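Structure data follow from entry-v6.tsv (TSV, C-alpha atoms):
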chain	number	residue	atom	x	y	z
A	1	MET	CA	26.12	0.23	-12.30
A	2	ALA	CA	25.83	-3.50	-11.61
A	3	THR	CA	24.15	-2.87	-8.27
A	4	ALA	CA	21.63	-0.44	-9.75
A	5	TYR	CA	20.62	-2.84	-12.50
A	6	TYR	CA	20.55	-5.76	-10.08
A	7	MET	CA	18.09	-3.98	-7.81
A	8	ASP	CA	15.98	-2.72	-10.70
A	9	LYS	CA	12.95	-4.99	-10.89
A	10	GLY	CA	11.91	-6.57	-14.18
A	11	LEU	CA	9.81	-4.19	-16.26
A	12	LEU	CA	6.63	-5.42	-17.90
A	13	GLY	CA	3.93	-3.79	-19.95
A	14	VAL	CA	1.53	-3.78	-22.89
A	15	PRO	CA	1.88	-1.42	-25.88
A	16	ALA	CA	-0.04	1.82	-25.57
A	17	ASP	CA	-1.33	1.49	-29.13
A	18	ARG	CA	-5.08	1.18	-28.54
A	19	PRO	CA	-7.56	4.03	-29.10
A	20	GLU	CA	-8.16	4.17	-25.35
A	21	THR	CA	-4.49	4.85	-24.66
A	22	ALA	CA	-3.83	7.26	-27.53
A	23	PRO	CA	-4.05	10.28	-25.16
A	24	LEU	CA	-1.07	8.88	-23.23
A	25	ALA	CA	1.16	8.91	-26.33
A	26	ASP	CA	0.11	12.50	-27.05
A	27	LEU	CA	0.85	13.49	-23.46
A	28	VAL	CA	4.34	11.94	-23.53
A	29	ALA	CA	5.18	13.77	-26.77
A	30	GLU	CA	3.95	17.04	-25.24
A	31	ILE	CA	6.11	16.55	-22.14
A	32	ALA	CA	9.18	15.66	-24.20
A	33	ARG	CA	8.84	18.93	-26.13
A	34	ALA	CA	8.31	20.94	-22.94
A	35	ILE	CA	11.37	19.61	-21.09
A	36	ARG	CA	13.48	19.36	-24.28
A	37	VAL	CA	14.25	15.66	-24.46
A	38	ASP	CA	13.69	13.14	-27.23
A	39	ALA	CA	10.45	11.17	-26.87
A	40	PRO	CA	11.07	7.44	-26.29
A	41	ALA	CA	10.68	5.13	-29.25
A	42	GLN	CA	8.24	2.86	-27.39
A	43	LEU	CA	5.53	3.46	-24.82
A	44	LEU	CA	4.17	0.65	-22.62
A	45	VAL	CA	1.54	0.56	-19.89
A	46	SER	CA	2.91	-1.25	-16.83
A	47	PRO	CA	0.91	-3.28	-14.28
A	48	TYR	CA	2.50	-1.48	-11.32
A	49	ALA	CA	2.32	2.08	-10.03
A	50	GLU	CA	5.62	3.14	-11.56
A	51	VAL	CA	7.23	5.17	-14.33
A	52	ALA	CA	10.48	3.75	-15.67
A	53	ILE	CA	12.88	3.79	-18.63
A	54	SER	CA	14.72	0.90	-20.29
A	55	GLY	CA	16.93	0.53	-23.34
A	56	ASP	CA	20.47	1.43	-24.34
A	57	THR	CA	20.08	3.31	-27.64
A	58	PRO	CA	17.62	5.95	-28.88
A	59	GLU	CA	15.99	3.34	-31.09
A	60	ASP	CA	15.06	0.98	-28.25
A	61	LEU	CA	14.36	3.40	-25.42
A	62	THR	CA	11.06	2.44	-23.79
A	63	LEU	CA	8.97	4.40	-21.29
A	64	TYR	CA	6.82	2.34	-18.91
A	65	VAL	CA	3.83	4.13	-17.37
A	66	GLY	CA	1.94	2.39	-14.58
A	67	ALA	CA	-1.75	1.67	-15.09
A	68	PRO	CA	-2.56	2.94	-11.56
A	69	PHE	CA	-1.07	6.33	-12.48
A	70	VAL	CA	-2.91	6.47	-15.80
A	71	LEU	CA	-6.22	5.60	-14.13
A	72	GLY	CA	-5.88	7.34	-10.78
A	73	LEU	CA	-3.86	10.55	-11.14
A	74	PRO	CA	-5.34	13.87	-12.27
A	75	ILE	CA	-3.87	14.83	-15.64
A	76	VAL	CA	-1.70	17.68	-14.32
A	77	GLU	CA	-0.19	15.36	-11.68
A	78	LEU	CA	0.38	12.60	-14.23
A	79	LYS	CA	2.26	15.09	-16.41
A	80	THR	CA	4.37	16.09	-13.42
A	81	VAL	CA	5.25	12.50	-12.50
A	82	LEU	CA	6.07	11.62	-16.12
A	83	ALA	CA	8.27	14.71	-16.51
A	84	HIS	CA	10.17	13.80	-13.33
A	85	CYS	CA	11.13	10.43	-14.84
A	86	MET	CA	11.52	11.60	-18.42
A	87	ALA	CA	14.24	14.07	-17.39
A	88	SER	CA	16.56	11.05	-17.49
A	89	LEU	CA	15.99	10.86	-21.26
A	90	GLY	CA	18.35	13.82	-21.54
A	91	GLN	CA	21.21	11.87	-19.96
A	92	PRO	CA	23.90	10.02	-21.98
A	93	HIS	CA	22.63	6.72	-20.51
A	94	PRO	CA	18.91	7.26	-19.76
A	95	ALA	CA	18.09	3.75	-18.52
A	96	LEU	CA	21.05	3.69	-16.12
A	97	ALA	CA	20.24	7.17	-14.82
A	98	ASP	CA	16.65	6.10	-14.19
A	99	ALA	CA	17.76	2.85	-12.51
A	100	LEU	CA	20.11	4.77	-10.21
A	101	VAL	CA	17.28	6.97	-8.98
A	102	ARG	CA	14.64	4.26	-8.70
A	103	SER	CA	16.96	1.76	-7.01
A	104	THR	CA	17.82	4.08	-4.14
A	105	ASP	CA	14.80	3.37	-1.95
A	106	ARG	CA	15.06	-0.39	-2.49
A	107	ILE	CA	18.77	-0.41	-1.71
A	108	GLN	CA	18.26	1.70	1.41
A	109	GLY	CA	15.55	-0.75	2.51
A	110	SER	CA	17.90	-3.69	1.94
A	111	LEU	CA	20.64	-1.92	3.90
A	112	ASP	CA	18.25	-1.40	6.81
A	113	PHE	CA	17.18	-5.04	6.67
A	114	PHE	CA	20.62	-6.66	6.50
A	115	GLY	CA	22.40	-4.09	8.67
A	116	PRO	CA	25.41	-1.93	7.69
A	117	GLN	CA	28.01	-4.34	9.14
A	118	THR	CA	27.01	-7.40	7.10
A	119	ALA	CA	28.55	-8.33	3.74
A	120	MET	CA	25.35	-7.41	1.89
A	121	GLY	CA	24.97	-4.25	3.95
A	122	ARG	CA	28.48	-3.10	3.07
A	123	ARG	CA	27.72	-3.67	-0.61
A	124	TYR	CA	24.61	-1.53	-0.48
A	125	ARG	CA	26.41	1.13	1.58
A	126	ARG	CA	29.11	1.37	-1.11
A	127	PHE	CA	26.44	1.91	-3.74
A	128	LEU	CA	24.71	4.67	-1.78
A	129	ASP	CA	27.97	6.43	-0.97
A	130	GLY	CA	29.50	6.05	-4.41
A	131	SER	CA	26.44	7.18	-6.34
A	132	ALA	CA	25.35	10.00	-4.00
A	133	GLU	CA	26.67	12.85	-6.15
A	134	ALA	CA	25.29	11.42	-9.40
A	135	ARG	CA	21.92	10.73	-7.85
A	136	SER	CA	21.79	14.25	-6.41
A	137	ASP	CA	22.44	15.75	-9.86
A	138	LEU	CA	19.82	13.52	-11.47
A	139	ALA	CA	17.28	14.41	-8.78
A	140	ARG	CA	17.89	18.11	-9.38
A	141	TYR	CA	17.27	17.75	-13.15
A	142	ALA	CA	14.14	15.70	-12.45
A	143	ASP	CA	12.79	18.23	-9.95
A	144	ARG	CA	13.25	21.05	-12.46
A	145	ALA	CA	11.39	19.10	-15.15
A	146	ALA	CA	8.55	18.28	-12.76
A	147	ALA	CA	8.26	21.92	-11.66
A	148	ALA	CA	8.16	23.04	-15.29
A	149	MET	CA	5.12	20.82	-15.90
A	150	ALA	CA	3.36	21.52	-12.59
A	151	GLY	CA	3.88	25.29	-12.69
A	152	SER	CA	5.79	25.51	-9.41
A	153	GLN	CA	8.13	23.50	-7.21
A	154	GLU	CA	5.46	23.31	-4.50
A	155	ARG	CA	2.82	21.84	-6.81
A	156	ALA	CA	5.38	19.44	-8.25
A	157	GLN	CA	6.32	18.15	-4.80
A	158	ALA	CA	2.63	17.73	-3.90
A	159	ALA	CA	2.09	15.65	-7.07
A	160	LEU	CA	5.13	13.47	-6.35
A	161	ILE	CA	4.01	12.90	-2.76
A	162	HIS	CA	0.57	11.91	-4.02
A	163	ALA	CA	2.12	9.50	-6.54
A	164	ARG	CA	4.29	7.93	-3.85
A	165	ALA	CA	1.33	7.42	-1.53
A	166	LEU	CA	-0.66	5.95	-4.40
A	167	THR	CA	2.22	3.59	-5.21
A	168	GLU	CA	2.53	2.36	-1.64
A	169	HIS	CA	-1.22	1.76	-1.45
A	170	PHE	CA	-1.32	-0.19	-4.71
A	171	VAL	CA	1.75	-2.27	-3.86
A	172	ASP	CA	0.04	-3.28	-0.61
A	173	TYR	CA	-3.41	-3.78	-2.12
A	174	ALA	CA	-2.76	-5.65	-5.37
A	175	PRO	CA	-1.13	-8.86	-4.04
A	176	ARG	CA	-3.77	-9.25	-1.34
A	177	TYR	CA	-6.55	-8.65	-3.85
A	178	LEU	CA	-5.19	-11.23	-6.25
A	179	VAL	CA	-5.18	-13.80	-3.45
A	180	VAL	CA	-8.66	-13.09	-2.02
A	181	GLY	CA	-10.33	-11.28	-4.93
A	182	SER	CA	-12.94	-12.62	-7.28
A	183	GLU	CA	-12.90	-13.07	-11.03
A	184	PRO	CA	-12.67	-11.50	-13.52
A	185	LEU	CA	-9.12	-10.31	-13.10
A	186	GLN	CA	-9.70	-6.83	-14.50
A	187	ASP	CA	-11.74	-6.00	-11.40
A	188	LEU	CA	-8.42	-5.41	-9.63
A	189	TYR	CA	-8.04	-1.88	-10.96
A	190	SER	CA	-11.70	-0.89	-10.56
A	191	ASN	CA	-11.83	-2.23	-7.00
A	192	TRP	CA	-8.54	-0.59	-6.12
A	193	LEU	CA	-9.81	2.76	-7.43
A	194	ARG	CA	-12.98	2.33	-5.36
A	195	VAL	CA	-11.06	1.57	-2.17
A	196	ALA	CA	-8.48	4.30	-2.79
A	197	ALA	CA	-11.33	6.83	-3.08
A	198	GLN	CA	-12.59	6.07	0.45
A	199	PRO	CA	-11.33	8.29	3.29
A	200	VAL	CA	-9.30	6.47	5.94
A	201	PRO	CA	-10.65	7.05	9.47
A	202	ASP	CA	-8.66	9.53	11.55
A	203	TRP	CA	-7.96	6.88	14.18
A	204	ALA	CA	-6.24	4.57	11.69
A	205	VAL	CA	-2.88	6.33	12.00
A	206	ASN	CA	-0.86	3.30	10.92
A	207	SER	CA	-2.79	2.86	7.68
A	208	LYS	CA	-3.46	6.51	6.82
A	209	PRO	CA	-1.80	7.48	3.53
A	210	ALA	CA	-0.09	10.81	2.93
A	211	VAL	CA	-3.06	11.79	0.75
A	212	ASN	CA	-6.50	10.85	2.04
A	213	PRO	CA	-8.44	9.79	0.05
A	214	LEU	CA	-5.90	8.82	-2.60
A	215	ILE	CA	-8.38	9.26	-5.46
A	216	PRO	CA	-10.38	12.45	-4.83
A	217	ALA	CA	-13.95	12.67	-6.06
A	218	GLU	CA	-13.10	15.50	-8.45
A	219	CYS	CA	-10.24	13.59	-10.10
A	220	VAL	CA	-10.42	13.50	-13.90
A	221	PRO	CA	-7.90	10.88	-15.08
A	222	LEU	CA	-6.33	10.84	-18.52
A	223	ILE	CA	-7.84	7.42	-19.24
A	224	ALA	CA	-11.04	6.17	-17.62
A	225	ALA	CA	-10.55	2.47	-18.38
A	226	LEU	CA	-8.09	0.18	-20.12
A	227	PRO	CA	-9.09	-2.37	-22.79
A	228	GLU	CA	-10.27	-5.63	-21.23
A	229	ASP	CA	-7.56	-7.74	-22.85
A	230	ASP	CA	-4.87	-5.33	-21.65
A	231	ASN	CA	-6.33	-5.42	-18.15
A	232	ASP	CA	-6.13	-9.21	-18.04
A	233	THR	CA	-2.56	-9.18	-19.36
A	234	LEU	CA	-1.40	-6.54	-16.88
A	235	VAL	CA	-2.99	-8.17	-13.86
A	236	ALA	CA	-1.65	-11.60	-14.80
A	237	ALA	CA	1.86	-10.10	-14.90
A	238	ILE	CA	1.74	-9.06	-11.23
A	239	ASP	CA	3.87	-11.58	-9.39
A	240	VAL	CA	1.83	-13.21	-6.62
A	241	ASP	CA	2.34	-16.63	-5.11
A	242	PRO	CA	-0.79	-17.62	-3.15
A	243	ASP	CA	1.29	-20.04	-1.09
A	244	ASP	CA	3.36	-17.11	0.18
A	245	ALA	CA	0.37	-14.92	1.01
A	246	ILE	CA	0.21	-13.87	4.65
A	247	GLY	CA	-3.31	-13.24	5.89
A	248	PHE	CA	-4.28	-11.62	9.17
A	249	ASP	CA	-6.18	-13.86	11.58
A	250	TYR	CA	-8.68	-11.52	13.22
A	251	GLU	CA	-9.94	-14.23	15.56
A	252	VAL	CA	-6.44	-14.70	16.96
A	253	GLY	CA	-6.01	-10.93	17.23
A	254	CYS	CA	-9.32	-10.68	19.08
A	255	GLN	CA	-8.19	-13.36	21.52
A	256	ASP	CA	-4.94	-11.45	22.10
A	257	VAL	CA	-6.98	-8.39	23.08
A	258	ILE	CA	-9.15	-10.44	25.47
A	259	GLU	CA	-6.03	-12.05	26.93
A	260	GLY	CA	-4.58	-8.59	27.50
A	261	ALA	CA	-7.75	-7.54	29.29
A	262	GLY	CA	-7.53	-10.62	31.51
A	263	HIS	CA	-3.96	-9.77	32.42
A	264	LEU	CA	-5.04	-6.29	33.51
A	265	LEU	CA	-8.03	-7.56	35.50
A	266	GLU	CA	-6.11	-10.56	36.91
A	267	ARG	CA	-8.92	-12.93	35.94
A	268	GLU	CA	-10.44	-14.53	32.84
A	269	ALA	CA	-11.84	-11.72	30.73
A	270	THR	CA	-14.77	-11.49	28.33
A	271	PRO	CA	-15.42	-9.24	25.33
A	272	VAL	CA	-17.50	-6.99	27.59
A	273	ASP	CA	-14.44	-6.44	29.77
A	274	VAL	CA	-12.57	-5.08	26.76
A	275	VAL	CA	-15.21	-2.41	26.20
A	276	GLY	CA	-15.41	-1.73	29.94
A	277	LEU	CA	-11.68	-1.05	30.22
A	278	VAL	CA	-11.82	1.44	27.36
A	279	ALA	CA	-14.89	3.10	28.88
A	280	ASP	CA	-12.98	3.45	32.16
A	281	GLY	CA	-10.16	5.29	30.40
A	282	ARG	CA	-7.75	2.35	30.48
A	283	GLY	CA	-7.43	1.99	26.71
A	284	ALA	CA	-3.69	2.76	26.69
A	285	GLU	CA	-3.07	0.07	29.32
A	286	LEU	CA	-5.10	-2.42	27.31
A	287	ILE	CA	-3.17	-1.64	24.13
A	288	ALA	CA	0.10	-2.26	25.96
A	289	GLU	CA	-1.17	-5.62	27.21
A	290	TRP	CA	-2.48	-6.52	23.77
A	291	ASP	CA	0.93	-5.71	22.31
A	292	ARG	CA	2.57	-7.90	24.95
A	293	ALA	CA	0.26	-10.84	24.23
A	294	THR	CA	0.79	-10.49	20.49
A	295	ALA	CA	4.58	-10.26	20.83
A	296	ALA	CA	4.66	-13.38	23.01
A	297	ARG	CA	2.64	-15.36	20.46
A	298	LEU	CA	4.74	-14.17	17.50
A	299	ALA	CA	7.99	-14.96	19.33
A	300	ALA	CA	6.99	-18.63	19.38
A	301	LEU	CA	6.51	-18.80	15.60
A	302	PRO	CA	9.13	-20.06	13.12
A	303	GLY	CA	11.14	-17.19	11.69
A	304	ALA	CA	10.38	-15.01	14.70
A	305	TYR	CA	13.46	-12.86	14.05
A	306	LEU	CA	12.04	-11.85	10.66
A	307	ILE	CA	8.72	-10.93	12.26
A	308	GLU	CA	10.51	-8.87	14.89
A	309	SER	CA	12.48	-7.10	12.16
A	310	PHE	CA	9.28	-6.31	10.28
A	311	LEU	CA	7.57	-4.96	13.41
A	312	ALA	CA	10.60	-2.86	14.27
A	313	ARG	CA	10.45	-1.22	10.84
A	314	HIS	CA	6.70	-0.79	10.56
A	315	GLY	CA	5.55	-0.53	14.16
A	316	THR	CA	2.37	-1.91	15.68
A	317	ALA	CA	-1.10	-0.46	16.19
A	318	LEU	CA	-0.99	2.31	18.76
A	319	THR	CA	-4.57	3.53	19.00
A	320	VAL	CA	-7.79	2.36	20.58
A	321	GLY	CA	-9.35	2.56	17.12
A	322	GLU	CA	-6.90	0.12	15.58
A	323	MET	CA	-7.32	-2.22	18.52
A	324	PHE	CA	-11.09	-2.27	17.96
A	325	ALA	CA	-10.50	-2.69	14.21
A	326	THR	CA	-8.89	-6.03	15.09
A	327	PHE	CA	-11.09	-6.97	18.03
A	328	ILE	CA	-14.53	-6.43	16.43
A	329	PRO	CA	-13.91	-8.39	13.19
A	330	GLY	CA	-12.39	-11.22	15.25
A	331	LEU	CA	-15.42	-11.29	17.52
A	332	ALA	CA	-17.74	-11.16	14.50
A	333	CYS	CA	-16.13	-14.31	13.09
A	334	ARG	CA	-17.53	-16.23	16.06
A	335	TYR	CA	-21.04	-15.40	14.87
A	336	GLY	CA	-20.66	-16.31	11.22
A	337	TYR	CA	-19.57	-12.94	9.87
A	338	ASP	CA	-16.62	-12.38	7.56
A	339	TYR	CA	-14.32	-9.40	7.33
A	340	ASP	CA	-12.38	-8.63	4.17
A	341	PRO	CA	-10.30	-5.43	4.50
A	342	VAL	CA	-9.34	-5.76	0.83
A	343	LEU	CA	-12.72	-5.97	-0.90
A	344	CYS	CA	-14.97	-4.46	1.83
A	345	PRO	CA	-12.94	-2.38	4.27
A	346	GLY	CA	-14.94	-1.35	7.33
A	347	VAL	CA	-17.88	-3.69	6.68
A	348	LEU	CA	-18.76	-7.05	8.26
A	349	THR	CA	-20.53	-9.37	5.85
A	350	ALA	CA	-22.50	-12.60	6.14
A	351	GLU	CA	-24.60	-14.50	3.62
A	352	GLY	CA	-28.28	-13.66	3.95
A	353	ARG	CA	-27.67	-10.78	6.39
A	354	PRO	CA	-27.17	-7.07	5.82
A	355	GLY	CA	-23.64	-5.74	6.10
A	356	ILE	CA	-22.58	-4.04	9.34
A	357	GLU	CA	-20.39	-0.94	9.19
A	358	ILE	CA	-17.90	-0.83	12.04
A	359	TYR	CA	-16.00	2.42	11.49
A	360	PRO	CA	-18.66	4.74	13.02
A	361	ALA	CA	-18.79	2.70	16.23
A	362	ILE	CA	-15.01	2.59	16.45
A	363	GLY	CA	-14.80	6.33	15.89
A	364	GLY	CA	-17.19	6.87	18.79
A	365	ALA	CA	-15.11	4.65	21.08
A	366	VAL	CA	-11.97	6.59	20.19
A	367	GLY	CA	-13.79	9.74	21.21
A	368	GLY	CA	-14.67	8.22	24.58
A	369	ASP	CA	-18.19	6.93	23.84
A	370	THR	CA	-18.24	3.11	23.79
A	371	ALA	CA	-22.04	2.77	23.64
A	372	ALA	CA	-22.09	2.15	19.89
A	373	VAL	CA	-19.40	-0.55	20.18
A	374	ALA	CA	-21.36	-2.28	22.96
A	375	GLU	CA	-24.53	-2.12	20.86
A	376	LEU	CA	-22.67	-3.50	17.84
A	377	MET	CA	-21.43	-6.44	19.90
A	378	MET	CA	-24.97	-7.20	21.06
A	379	ARG	CA	-26.16	-7.04	17.46
A	380	LEU	CA	-23.51	-9.54	16.40
A	381	ALA	CA	-24.53	-11.97	19.12
A	382	ASP	CA	-28.24	-11.63	18.34
A	383	GLY	CA	-27.71	-12.34	14.64
A	384	GLY	CA	-25.13	-15.07	15.00
A	385	SER	CA	-25.08	-18.70	15.96
A	386	GLY	CA	-23.68	-18.21	19.45
A	387	SER	CA	-25.56	-17.32	22.61
A	388	LEU	CA	-25.13	-14.20	24.73
A	389	SER	CA	-23.88	-16.22	27.68
A	390	ASP	CA	-21.23	-17.87	25.51
A	391	SER	CA	-19.82	-14.45	24.66
A	392	GLY	CA	-19.85	-12.94	28.13
A	393	PHE	CA	-22.70	-10.51	27.56
Since I need it in another form, could you write the structure as structure tokens?
Amino acid sequence: MATAYYMDKGLLGVPADRPETAPLADLVAEIARAIRVDAPAQLLVSPYAEVAISGDTPEDLTLYVGAPFVLGLPIVELKTVLAHCMASLGQPHPALADALVRSTDRIQGSLDFFGPQTAMGRRYRRFLDGSAEARSDLARYADRAAAAMAGSQERAQAALIHARALTEHFVDYAPRYLVVGSEPLQDLYSNWLRVAAQPVPDWAVNSKPAVNPLIPAECVPLIAALPEDDNDTLVAAIDVDPDDAIGFDYEVGCQDVIEGAGHLLEREATPVDVVGLVADGRGAELIAEWDRATAARLAALPGAYLIESFLARHGTALTVGEMFATFIPGLACRYGYDYDPVLCPGVLTAEGRPGIEIYPAIGGAVGGDTAAVAELMMRLADGGSGSLSDSGF
């Protein structure tokens, strides 16, 4: 019990008592009747993509429903996700039951990070082993409730998979947006919905969500927008420390690619050599050399063991497309362009110049045609401050 509550993150939210959020209260009451549990006394909208329960007695039980779910899930899927969590309201200790289920992934992640033989790892292992039967029972009740709302077990699982993919996307997007994004704060949710509605290119295997796009064009959410004051409050509650933000340096990544090309060619390489190696069918070799150059640079940084642990868990880019998605923005920076994968994914921007879309050219290169990438590189050089000779063209 102590471990579950310890791992359970602090829950935040604003009351769902505005006219805009009235449909949510009606939906929760409908679900409670359908799965035969008591509706919670309080209903709050949470900043994160989550559904959670807190409280110890019927009078103070609170249901937290994430704003991303309210804004981005079709109504039938939202009902399914809510029912899956609300099944815990039928347990003798609803908040503990919910914490047991929701803590599992975080505790498994901590176990993987610390290792099973460490003191912390043994603590997390005891929790997973000791609570396995209880968690299995709770999961079975939750699955039945979700299937009852979705109409079938298959549709319920599809909705839960969609919600998980949406959660992972928002958890990755929100902190980066709050560091690089523009005011006003409430633009977080509208910009996230816009980005989540864009298909991820087929070549971006390491960033492709389980559902693509996450927000389909035909999606009709329960609530189209939250009140402005609530938006500001919710966004301000998301815990982000700008000093801890880790940005990706595309210029350094670009140089790693060029260095890898030089290692293959056994001479100083240019950006043109990168394209030439891919055109010659040596993309896999170049990726391996790029990975080697990147690993060597990261190994020299403070906290290298943490970086290695992260890479071991998440992997590195393994496609020609993802290599070009690093290389091209890094090269563009040399000519006065910016690349913001948070606000404008797939588009190079520069003040006073039209944006340049890079995904079509990358897609062509992945298919074996590097002409569009070569043309894009020439265009960057022509519109930038550098000369062609400086860039190796």
### Selection near Ala174 (chain A), 9 Å with all atoms listed in the file, sequence-local residues under 6 positions removed, as a ChimeraX atom specification
/A:48,188-189,192,235,238,240
Using the selection just defined, write its residues with C-alpha atoms as a short mmCIF file (atom, residue, chain, number, x, y, z; two decimals), keeping the file's coordinate frame.
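Okay, part.cif is ready:
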data_model
loop_
_atom_site.label_atom_id
_atom_site.label_comp_id
_atom_site.auth_asym_id
_atom_site.auth_seq_id
_atom_site.Cartn_x
_atom_site.Cartn_y
_atom_site.Cartn_z
CA TYR A 48 2.50 -1.48 -11.32
CA LEU A 188 -8.42 -5.41 -9.63
CA TYR A 189 -8.04 -1.88 -10.96
CA TRP A 192 -8.54 -0.59 -6.12
CA VAL A 235 -2.99 -8.17 -13.86
CA ILE A 238 1.74 -9.06 -11.23
CA VAL A 240 1.83 -13.21 -6.62
#
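The gap separating CA of Ala299 (chain A) from CA of Thr118 (chain A) is 23.8 Å, in Å to one decimal.
If you measure from each of A:Pro271, A:Arg282, A:Ile362, A:His162 to Ala381 (chain A) using all atoms listed in the file, the closest one turns out to be A:Pro271.
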### Query
Hey, what's within 12 Å of Val252 (chain A) if we count all atoms listed in the file and toss same-chain stuff fewer than 5 positions away? As a PyMOL selection string, please?
chain A and resi 247+257-259+290+293-294+297-298+326-331+333-334
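In this model, the gap between CA of Ala196 (chain A) and CA of Asp340 (chain A) comes to 15.2 Å.
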### Task
Enter the distance from CA of Ala34 (chain A) to CA of Pro221 (chain A), in Å, rounded to one decimal.
20.6 Å
### Message
Give me, as JSON, numbers by chain, all polymer residues having an atom no more than 9 Å from Val274 (chain A), counting all atoms listed in the file and skipping those fewer than 6 positions away in the same chain.
### Response
{"A": [257, 258, 260, 261, 262, 283, 286]}
Pull C-alpha atoms from the residues just selected and write them as an mmCIF file, in the frame of the given file.
data_model
loop_
_atom_site.group_PDB
_atom_site.id
_atom_site.type_symbol
_atom_site.label_atom_id
_atom_site.label_comp_id
_atom_site.auth_asym_id
_atom_site.auth_seq_id
_atom_site.Cartn_x
_atom_site.Cartn_y
_atom_site.Cartn_z
ATOM 1 C CA VAL A 257 -6.980 -8.390 23.080
ATOM 2 C CA ILE A 258 -9.150 -10.440 25.470
ATOM 3 C CA GLY A 260 -4.580 -8.590 27.500
ATOM 4 C CA ALA A 261 -7.750 -7.540 29.290
ATOM 5 C CA GLY A 262 -7.530 -10.620 31.510
ATOM 6 C CA GLY A 283 -7.430 1.990 26.710
ATOM 7 C CA LEU A 286 -5.100 -2.420 27.310
#
### Message
So that I can check the surroundings of Gln42 (chain A), please list as a ChimeraX atom specification every protein, DNA and RNA residue that reaches within 9 Å of it, counting all atoms listed in the file and ignoring chain neighbours fewer than 2 positions away.
### Response
/A:15-16,39-40,44,59-64
